[in-house]
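Structure data (compact mmCIF, C-alpha atoms and all ligand atoms) from final.txt:
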```txt
# COMPACT_ATOMS: atom_id res chain seq x y z
CA MET A 9 105.22 120.93 86.51
CA SER A 10 103.50 122.77 89.27
CA SER A 11 104.24 126.05 90.92
CA LEU A 12 105.38 127.25 94.29
CA THR A 13 102.31 128.68 95.93
CA SER A 14 100.49 128.18 99.20
CA LEU A 15 97.31 129.54 97.58
CA ASP A 16 96.63 126.28 95.74
CA PRO A 17 96.56 123.69 98.54
CA GLN A 18 96.77 120.05 97.50
CA SER A 19 96.58 118.24 100.83
CA PRO A 20 94.35 118.30 103.94
CA GLN A 21 97.22 119.90 105.88
CA ALA A 22 97.81 122.67 103.37
CA ARG A 23 94.05 123.22 103.00
CA ALA A 24 93.66 123.70 106.76
CA ILE A 25 96.33 126.40 106.67
CA TYR A 26 94.77 128.01 103.59
CA ASP A 27 91.32 128.07 105.24
CA LEU A 28 92.74 129.66 108.38
CA ASN A 29 94.42 132.26 106.20
CA ASN A 30 91.10 133.08 104.55
CA VAL A 31 89.22 133.36 107.85
CA ALA A 32 91.97 135.60 109.22
CA TRP A 33 91.71 137.89 106.18
CA VAL A 34 87.93 138.16 106.66
CA ILE A 35 88.45 139.13 110.31
CA PHE A 36 91.18 141.63 109.39
CA GLY A 37 88.93 143.04 106.66
CA LEU A 38 86.07 143.55 109.11
CA ILE A 39 88.38 145.27 111.62
CA PHE A 40 89.77 147.49 108.88
CA ALA A 41 86.27 148.41 107.70
CA ALA A 42 85.04 149.08 111.25
CA VAL A 43 88.01 151.25 112.22
CA THR A 44 88.10 153.18 108.96
CA GLY A 45 84.32 153.56 109.07
CA ALA A 46 84.43 154.91 112.62
CA ILE A 47 87.14 157.39 111.70
CA ILE A 48 85.30 158.69 108.66
CA TYR A 49 82.00 158.88 110.57
CA SER A 50 83.63 160.81 113.44
CA LEU A 51 85.46 163.14 111.10
CA ARG A 52 82.23 164.12 109.43
CA LYS A 53 79.89 164.14 112.38
CA TYR A 54 82.14 165.83 114.94
CA ARG A 55 84.11 168.23 112.83
CA TRP A 56 84.51 171.65 114.35
CA ARG A 57 81.98 174.23 113.31
CA GLU A 58 81.79 177.97 113.93
CA GLY A 59 80.46 178.60 117.43
CA ASP A 60 80.99 175.01 118.75
CA ALA A 61 81.74 174.69 122.45
CA GLU A 62 84.42 172.25 123.65
CA PRO A 63 83.07 168.67 123.22
CA ARG A 64 82.21 166.38 126.10
CA GLN A 65 85.37 164.65 127.40
CA LEU A 66 85.35 160.85 127.77
CA ALA A 67 88.75 160.22 129.41
CA GLY A 68 88.48 157.59 132.13
CA ASN A 69 85.05 156.41 130.98
CA LYS A 70 84.81 152.90 132.38
CA LYS A 71 82.36 151.56 129.81
CA VAL A 72 84.52 152.62 126.88
CA GLU A 73 87.68 151.28 128.50
CA ILE A 74 86.07 147.89 129.06
CA ILE A 75 84.75 147.71 125.50
CA TRP A 76 88.05 148.47 123.83
CA THR A 77 89.90 146.03 126.03
CA ALA A 78 87.38 143.24 125.69
CA VAL A 79 86.81 143.43 121.93
CA PRO A 80 90.48 143.02 120.88
CA PHE A 81 90.87 140.32 123.52
CA LEU A 82 87.96 138.40 122.03
CA ILE A 83 89.34 138.80 118.49
CA VAL A 84 92.72 137.44 119.57
CA LEU A 85 91.02 134.61 121.44
CA VAL A 86 89.02 133.62 118.35
CA LEU A 87 92.20 133.67 116.21
CA PHE A 88 94.00 131.63 118.85
CA ILE A 89 91.30 128.95 118.94
CA LEU A 90 91.14 128.76 115.13
CA THR A 91 94.94 128.49 114.95
CA ALA A 92 95.11 125.78 117.60
CA ARG A 93 92.42 123.85 115.71
CA THR A 94 94.35 124.23 112.44
CA MET A 95 97.54 123.04 114.09
CA SER A 96 95.81 119.88 115.25
CA ILE A 97 94.85 119.16 111.63
CA ALA A 98 98.00 120.38 109.92
CA ASP A 99 100.44 119.04 112.45
CA PRO A 100 99.27 116.07 114.53
CA PRO A 101 101.88 114.25 116.65
CA ALA A 102 104.59 112.33 114.78
CA ALA A 103 104.18 108.63 114.05
CA PRO A 104 106.42 106.46 116.26
CA GLU A 105 108.52 105.49 113.23
CA PRO A 106 109.02 108.03 110.44
CA ASP A 107 108.18 106.96 106.87
CA LEU A 108 110.83 109.31 105.58
CA ILE A 109 113.87 111.09 106.94
CA VAL A 110 114.90 114.24 105.10
CA VAL A 111 118.30 115.76 105.81
CA GLY A 112 119.23 119.28 104.74
CA HIS A 113 122.80 119.77 103.51
CA GLN A 114 124.47 122.83 101.98
CA TRP A 115 122.86 122.86 99.32
CA TRP A 116 120.88 119.75 98.61
CA TRP A 117 118.44 117.36 100.27
CA GLU A 118 119.03 113.77 101.25
CA ALA A 119 115.97 111.55 101.68
CA ARG A 120 116.03 108.18 103.40
CA TYR A 121 113.21 105.69 103.58
CA PRO A 122 114.02 103.91 106.87
CA LYS A 123 111.46 101.14 106.34
CA THR A 124 113.22 99.88 103.20
CA GLY A 125 116.65 101.49 103.41
CA ALA A 126 116.35 103.44 100.14
CA ILE A 127 118.42 106.64 100.06
CA VAL A 128 117.93 109.30 97.40
CA ALA A 129 118.68 112.97 96.81
CA ASN A 130 116.64 115.99 95.73
CA GLU A 131 113.82 113.93 94.24
CA ILE A 132 111.47 112.60 96.87
CA HIS A 133 108.71 110.19 95.91
CA LEU A 134 105.62 109.51 97.96
CA PRO A 135 102.48 107.44 97.51
CA VAL A 136 99.45 109.60 96.73
CA GLY A 137 96.65 110.10 99.25
CA ARG A 138 98.34 108.82 102.35
CA PRO A 139 100.04 110.82 105.11
CA PHE A 140 103.80 110.36 105.39
CA SER A 141 105.45 111.02 108.72
CA VAL A 142 108.64 112.92 107.92
CA ARG A 143 111.54 113.46 110.28
CA LEU A 144 113.63 116.51 109.39
CA GLU A 145 117.32 116.81 110.16
CA ALA A 146 120.28 118.93 109.11
CA THR A 147 124.00 118.29 109.05
CA ASP A 148 125.48 121.77 108.89
CA VAL A 149 123.33 124.85 109.34
CA LEU A 150 119.63 125.63 109.63
CA HIS A 151 117.60 124.91 106.53
CA GLU A 152 113.86 124.93 106.02
CA PHE A 153 111.86 122.26 104.24
CA TRP A 154 108.90 123.67 102.35
CA VAL A 155 106.52 122.18 99.81
CA ALA A 156 104.11 125.10 99.60
CA GLU A 157 101.19 123.19 98.09
CA LEU A 158 101.35 120.33 100.57
CA ALA A 159 102.43 121.38 104.03
CA ARG A 160 103.65 124.00 106.44
CA LYS A 161 107.29 125.05 106.47
CA MET A 162 109.57 123.43 108.98
CA THR A 163 113.11 124.30 109.96
CA THR A 164 115.71 121.56 109.88
CA VAL A 165 118.05 121.95 112.83
CA PRO A 166 121.41 120.19 113.32
CA GLY A 167 121.12 117.90 116.33
CA HIS A 168 117.42 118.51 116.87
CA PRO A 169 115.07 116.49 114.63
CA ASN A 170 111.79 118.16 113.70
CA HIS A 171 108.68 116.62 112.21
CA ILE A 172 105.99 117.27 109.64
CA TRP A 173 103.32 115.33 107.86
CA LEU A 174 103.42 115.22 104.07
CA GLN A 175 100.48 114.17 101.97
CA ALA A 176 99.38 114.79 98.40
CA ASP A 177 95.78 114.41 97.25
CA LYS A 178 96.65 114.16 93.55
CA THR A 179 99.45 112.50 91.65
CA GLY A 180 101.90 114.96 90.20
CA THR A 181 105.15 116.76 90.77
CA TYR A 182 105.35 119.44 93.42
CA ASN A 183 108.17 121.91 93.94
CA GLY A 184 110.01 122.18 97.22
CA ILE A 185 112.55 124.71 98.36
CA CYS A 186 114.80 125.57 101.23
CA SER A 187 113.08 128.52 102.80
CA GLU A 188 115.67 129.71 105.28
CA PHE A 189 118.85 131.43 104.15
CA CYS A 190 121.64 128.89 104.50
CA GLY A 191 124.58 130.24 102.48
CA THR A 192 125.71 131.00 98.93
CA GLN A 193 123.50 128.56 97.05
CA HIS A 194 120.45 128.77 99.31
CA ALA A 195 118.32 129.76 96.32
CA TRP A 196 119.31 126.56 94.52
CA MET A 197 118.49 124.15 97.27
CA ARG A 198 115.34 122.89 95.63
CA PHE A 199 113.77 119.50 95.33
CA LEU A 200 110.98 117.73 93.53
CA LEU A 201 108.25 115.91 95.33
CA VAL A 202 106.70 113.27 93.12
CA ALA A 203 103.36 111.88 94.30
CA GLU A 204 102.41 108.69 92.50
CA ALA A 205 100.10 105.68 92.71
CA PRO A 206 101.15 103.25 95.48
CA GLU A 207 102.24 100.55 92.98
CA GLN A 208 104.36 103.05 91.10
CA PHE A 209 105.85 104.31 94.33
CA GLU A 210 106.75 100.75 95.37
CA ALA A 211 108.32 100.07 91.98
CA TRP A 212 110.32 103.29 92.22
CA GLN A 213 111.53 102.37 95.67
CA GLN A 214 112.58 98.89 94.51
CA THR A 215 114.56 100.49 91.68
CA GLN A 216 116.28 102.87 94.09
CA LEU A 217 117.21 99.92 96.31
CA ARG A 218 118.99 98.03 93.53
CA PRO A 219 122.78 98.31 93.58
CA ALA A 220 124.48 99.80 90.55
CA PRO A 221 125.11 97.22 87.81
CA ALA A 222 128.73 96.49 86.84
CA PRO A 223 129.50 98.40 83.64
CA THR A 224 129.50 96.24 80.53
CA ASP A 225 131.34 98.45 78.04
CA ASP A 226 134.92 99.69 78.21
CA LEU A 227 134.22 103.40 78.34
CA ALA A 228 131.85 103.05 81.30
CA ALA A 229 134.26 100.65 83.04
CA HIS A 230 136.96 103.30 82.78
CA GLY A 231 134.48 105.78 84.20
CA LEU A 232 133.85 103.61 87.25
CA ALA A 233 137.60 103.08 87.73
CA LEU A 234 138.18 106.83 87.51
CA PHE A 235 135.36 107.47 89.96
CA GLN A 236 136.80 105.04 92.48
CA ALA A 237 140.39 106.26 92.00
CA SER A 238 139.48 109.94 92.41
CA SER A 239 138.41 111.40 95.72
CA CYS A 240 134.73 111.24 94.66
CA ILE A 241 134.30 108.33 97.05
CA ASN A 242 135.17 110.55 100.02
CA CYS A 243 131.85 112.31 99.53
CA HIS A 244 129.54 110.21 97.33
CA ALA A 245 128.05 106.76 97.58
CA ILE A 246 127.28 104.39 94.73
CA ASN A 247 125.66 101.25 96.05
CA GLY A 248 127.57 98.18 94.83
CA THR A 249 130.93 99.97 94.50
CA ALA A 250 133.62 101.02 96.97
CA ALA A 251 131.90 104.40 97.40
CA THR A 252 129.85 104.63 100.59
CA ALA A 253 130.29 108.23 101.80
CA ARG A 254 127.20 110.25 102.74
CA VAL A 255 128.61 113.77 102.50
CA ALA A 256 127.13 114.39 99.05
CA PRO A 257 124.17 113.09 97.00
CA ASP A 258 123.89 109.34 96.52
CA LEU A 259 124.70 108.66 92.86
CA THR A 260 123.50 105.03 92.60
CA HIS A 261 120.55 106.08 90.43
CA ILE A 262 121.68 109.50 89.29
CA ALA A 263 120.46 108.81 85.74
CA SER A 264 116.89 108.30 86.98
CA ARG A 265 116.69 111.81 88.42
CA ARG A 266 115.22 114.79 86.55
CA GLN A 267 117.54 117.50 87.81
CA LEU A 268 121.12 118.08 88.91
CA GLY A 269 122.52 120.33 91.60
CA ALA A 270 119.28 120.54 93.59
CA GLY A 271 117.25 121.95 90.72
CA ILE A 272 119.78 124.26 89.11
CA VAL A 273 119.82 122.37 85.77
CA GLU A 274 117.90 119.58 84.06
CA ASN A 275 119.66 116.23 84.19
CA THR A 276 120.82 115.93 80.57
CA PRO A 277 124.09 114.34 79.38
CA GLU A 278 125.33 117.80 78.37
CA ASN A 279 124.56 119.35 81.77
CA LEU A 280 126.13 116.40 83.57
CA ARG A 281 129.24 116.89 81.50
CA ARG A 282 129.32 120.58 82.37
CA TRP A 283 128.91 119.70 86.04
CA LEU A 284 131.80 117.20 85.99
CA LYS A 285 133.98 119.56 83.95
CA ASP A 286 133.64 122.26 86.60
CA PRO A 287 130.81 122.19 89.13
CA GLN A 288 131.75 125.71 90.28
CA VAL A 289 130.70 127.08 86.89
CA VAL A 290 127.28 125.44 87.07
CA LYS A 291 126.70 126.18 90.77
CA PRO A 292 129.18 128.73 92.13
CA GLY A 293 130.27 128.01 95.69
CA VAL A 294 129.14 124.39 95.55
CA LYS A 295 130.93 122.07 97.97
CA MET A 296 132.47 119.92 95.25
CA PRO A 297 135.94 120.53 93.82
CA ASN A 298 136.90 120.97 90.17
CA TYR A 299 138.99 118.01 88.99
CA ASN A 300 140.14 119.51 85.69
CA PHE A 301 139.21 116.30 83.91
CA THR A 302 140.22 115.85 80.28
CA ASP A 303 137.55 115.40 77.61
CA GLU A 304 138.36 111.70 77.53
CA GLN A 305 137.85 111.36 81.28
CA LEU A 306 134.61 113.34 81.06
CA ALA A 307 133.38 110.93 78.38
CA GLN A 308 134.27 107.97 80.61
CA LEU A 309 132.45 109.36 83.64
CA GLY A 310 129.49 110.35 81.45
CA ALA A 311 129.26 106.85 80.00
CA TYR A 312 129.36 105.32 83.46
CA PHE A 313 126.75 107.65 84.99
CA LYS A 314 124.45 106.90 82.07
CA THR A 315 124.31 103.27 83.27
CA LEU A 316 123.12 104.37 86.73
CA GLN A 317 119.41 104.21 85.93
CU CU A 401 119.12 125.44 102.89
```

Would you mind giving the structure from this file in structure tokens?
Amino acid sequence: MSSLTSLDPQSPQARAIYDLNNVAWVIFGLIFAAVTGAIIYSLRKYRWREGDAEPRQLAGNKKVEIIWTAVPFLIVLVLFILTARTMSIADPPAAPEPDLIVVGHQWWWEARYPKTGAIVANEIHLPVGRPFSVRLEATDVLHEFWVAELARKMTTVPGHPNHIWLQADKTGTYNGICSEFCGTQHAWMRFLLVAEAPEQFEAWQQTQLRPAPAPTDDLAAHGLALFQASSCINCHAINGTAATARVAPDLTHIASRRQLGAGIVENTPENLRRWLKDPQVVKPGVKMPNYNFTDEQLAQLGAYFKTLQ
């Protein structure tokens, strides 16, 4: 499990930003040293001594005025050029067709792979070492998609798609967050970004594309029936059942995911049970109602969700 830092870049895009940051700090350091040095020098050299006459006045000195206008201008110009160059590396124009569409919802992330039709939530996979063109959307309010080790931040705006490039140099799991306050559970609007070998990525995608199998045991069959009879299907989709709504996370392969509730708990049978018993206890404010299920119903739903590998 990796951390959430932009000081450990793991992609060409993130490295370009990191390098710019370092150059900027060197420039700021030199300015700080020069200004502080000049102040200390002047304080010592020109301090008032007994018998000193009034010092020579420089107001309106053309040479000095030109120098202290030109030097800051040049510094800003250098920073501007470096930034523009970084932007061309970190953020080249979007590909004509996105590889991935990520949609911010209060408070979870939907990810669609338009080239295959796979739709997942909160756990985004990506083949290692190749740039992915990502279109960013939102359904409700502003969110901000940020995988600190891999790319810049980018706001997701309802009705106005944005774009970033995502790439990971090394296989592994990277943490992502929503980085713009978006309501009660903004802090738990996290996601995992799993970079894996291309064959593994393809296999994962094929798994995600498979419809849910029909349950084979009684308990799970009751779970599916309960799911379809309750209002779950007004919000959730399970491929291969009557549920096709896109208001909430796709549950077709819920059992294959590592976390629930956009990172708030690990996806264990016990946590899933707690979630279904009362999601408001696990994630206060969450946009899913409490159904007051009985223990028997919770066991049925649990048995069914376990089959959704
Ligand atoms: Cu958000």

- Note on the structure: With distances taken over all atoms listed in the file, the candidate from A:Ile262, A:Ile185, A:Ala24, A:Val165 nearest A:Gln216 is A:Ile262

- List all protein, DNA and RNA residues that have an atom no more than 10 Å from any atom of ligand CU 401 (chain A), counting only C-alpha atoms and all ligand atoms, and report them as a list in words.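 Counting only C-alpha atoms and all ligand atoms, the residues within 10 Å of ligand CU 401 (chain A) come out as Gly112, His113, Gln114, Trp115, Trp116, Trp117, Ala146, Asp148, Val149, Leu150, His151, Glu152, Phe153, Thr163, Thr164, Ile185, Cys186, Ser187, Glu188, Phe189, Cys190, Gly191, Thr192, Gln193, His194, Ala195, Trp196, Met197 and Arg198 of chain A.
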
- In terms of the shortest atom-to-atom distance over all atoms listed in the file, which of A:Gly184, A:Gly269, A:Pro135, A:Gly293 is closest to A:Arg160?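 Between A:Gly184, A:Gly269, A:Pro135, A:Gly293, the residue approaching A:Arg160 most closely is A:Gly184.
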
- Message: Within 12 Å of (97.3, 115.6, 106.5) (file coordinates; all atoms listed in the file), which protein or nucleic acid residues are there? I'd like them as a PyMOL selection string.
- Response: chain A and resi 17-25+94-102+136-142+157-160+172-177

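In this model, the gap between atom CA of A:Ala251 and atom CA of A:Asn170 comes to 29.3 Å.
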
- Within 9 Å of A:Ala228, counting all atoms listed in the file, which residues qualify if same-chain residues fewer than 2 places away don't, as a ChimeraX atom specification? /A:223-226,230-233,307-315

- Got a sec: who's within 7 Å of A:Arg254, counting all atoms listed in the file, leaving out chain neighbours fewer than 4 positions off, as a ChimeraX atom specification? /A:243-245

- Task: Have a look at atom CA of A:Leu201 and atom CA of A:His133 and let me know their distance in Å, one decimal.
- Result: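 Answer for the atom CA of A:Leu201 to atom CA of A:His133 separation: 5.8 Å.
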
- Students should find that atom CA of A:Phe36 and atom CA of A:Trp76 are spaced 16.3 Å
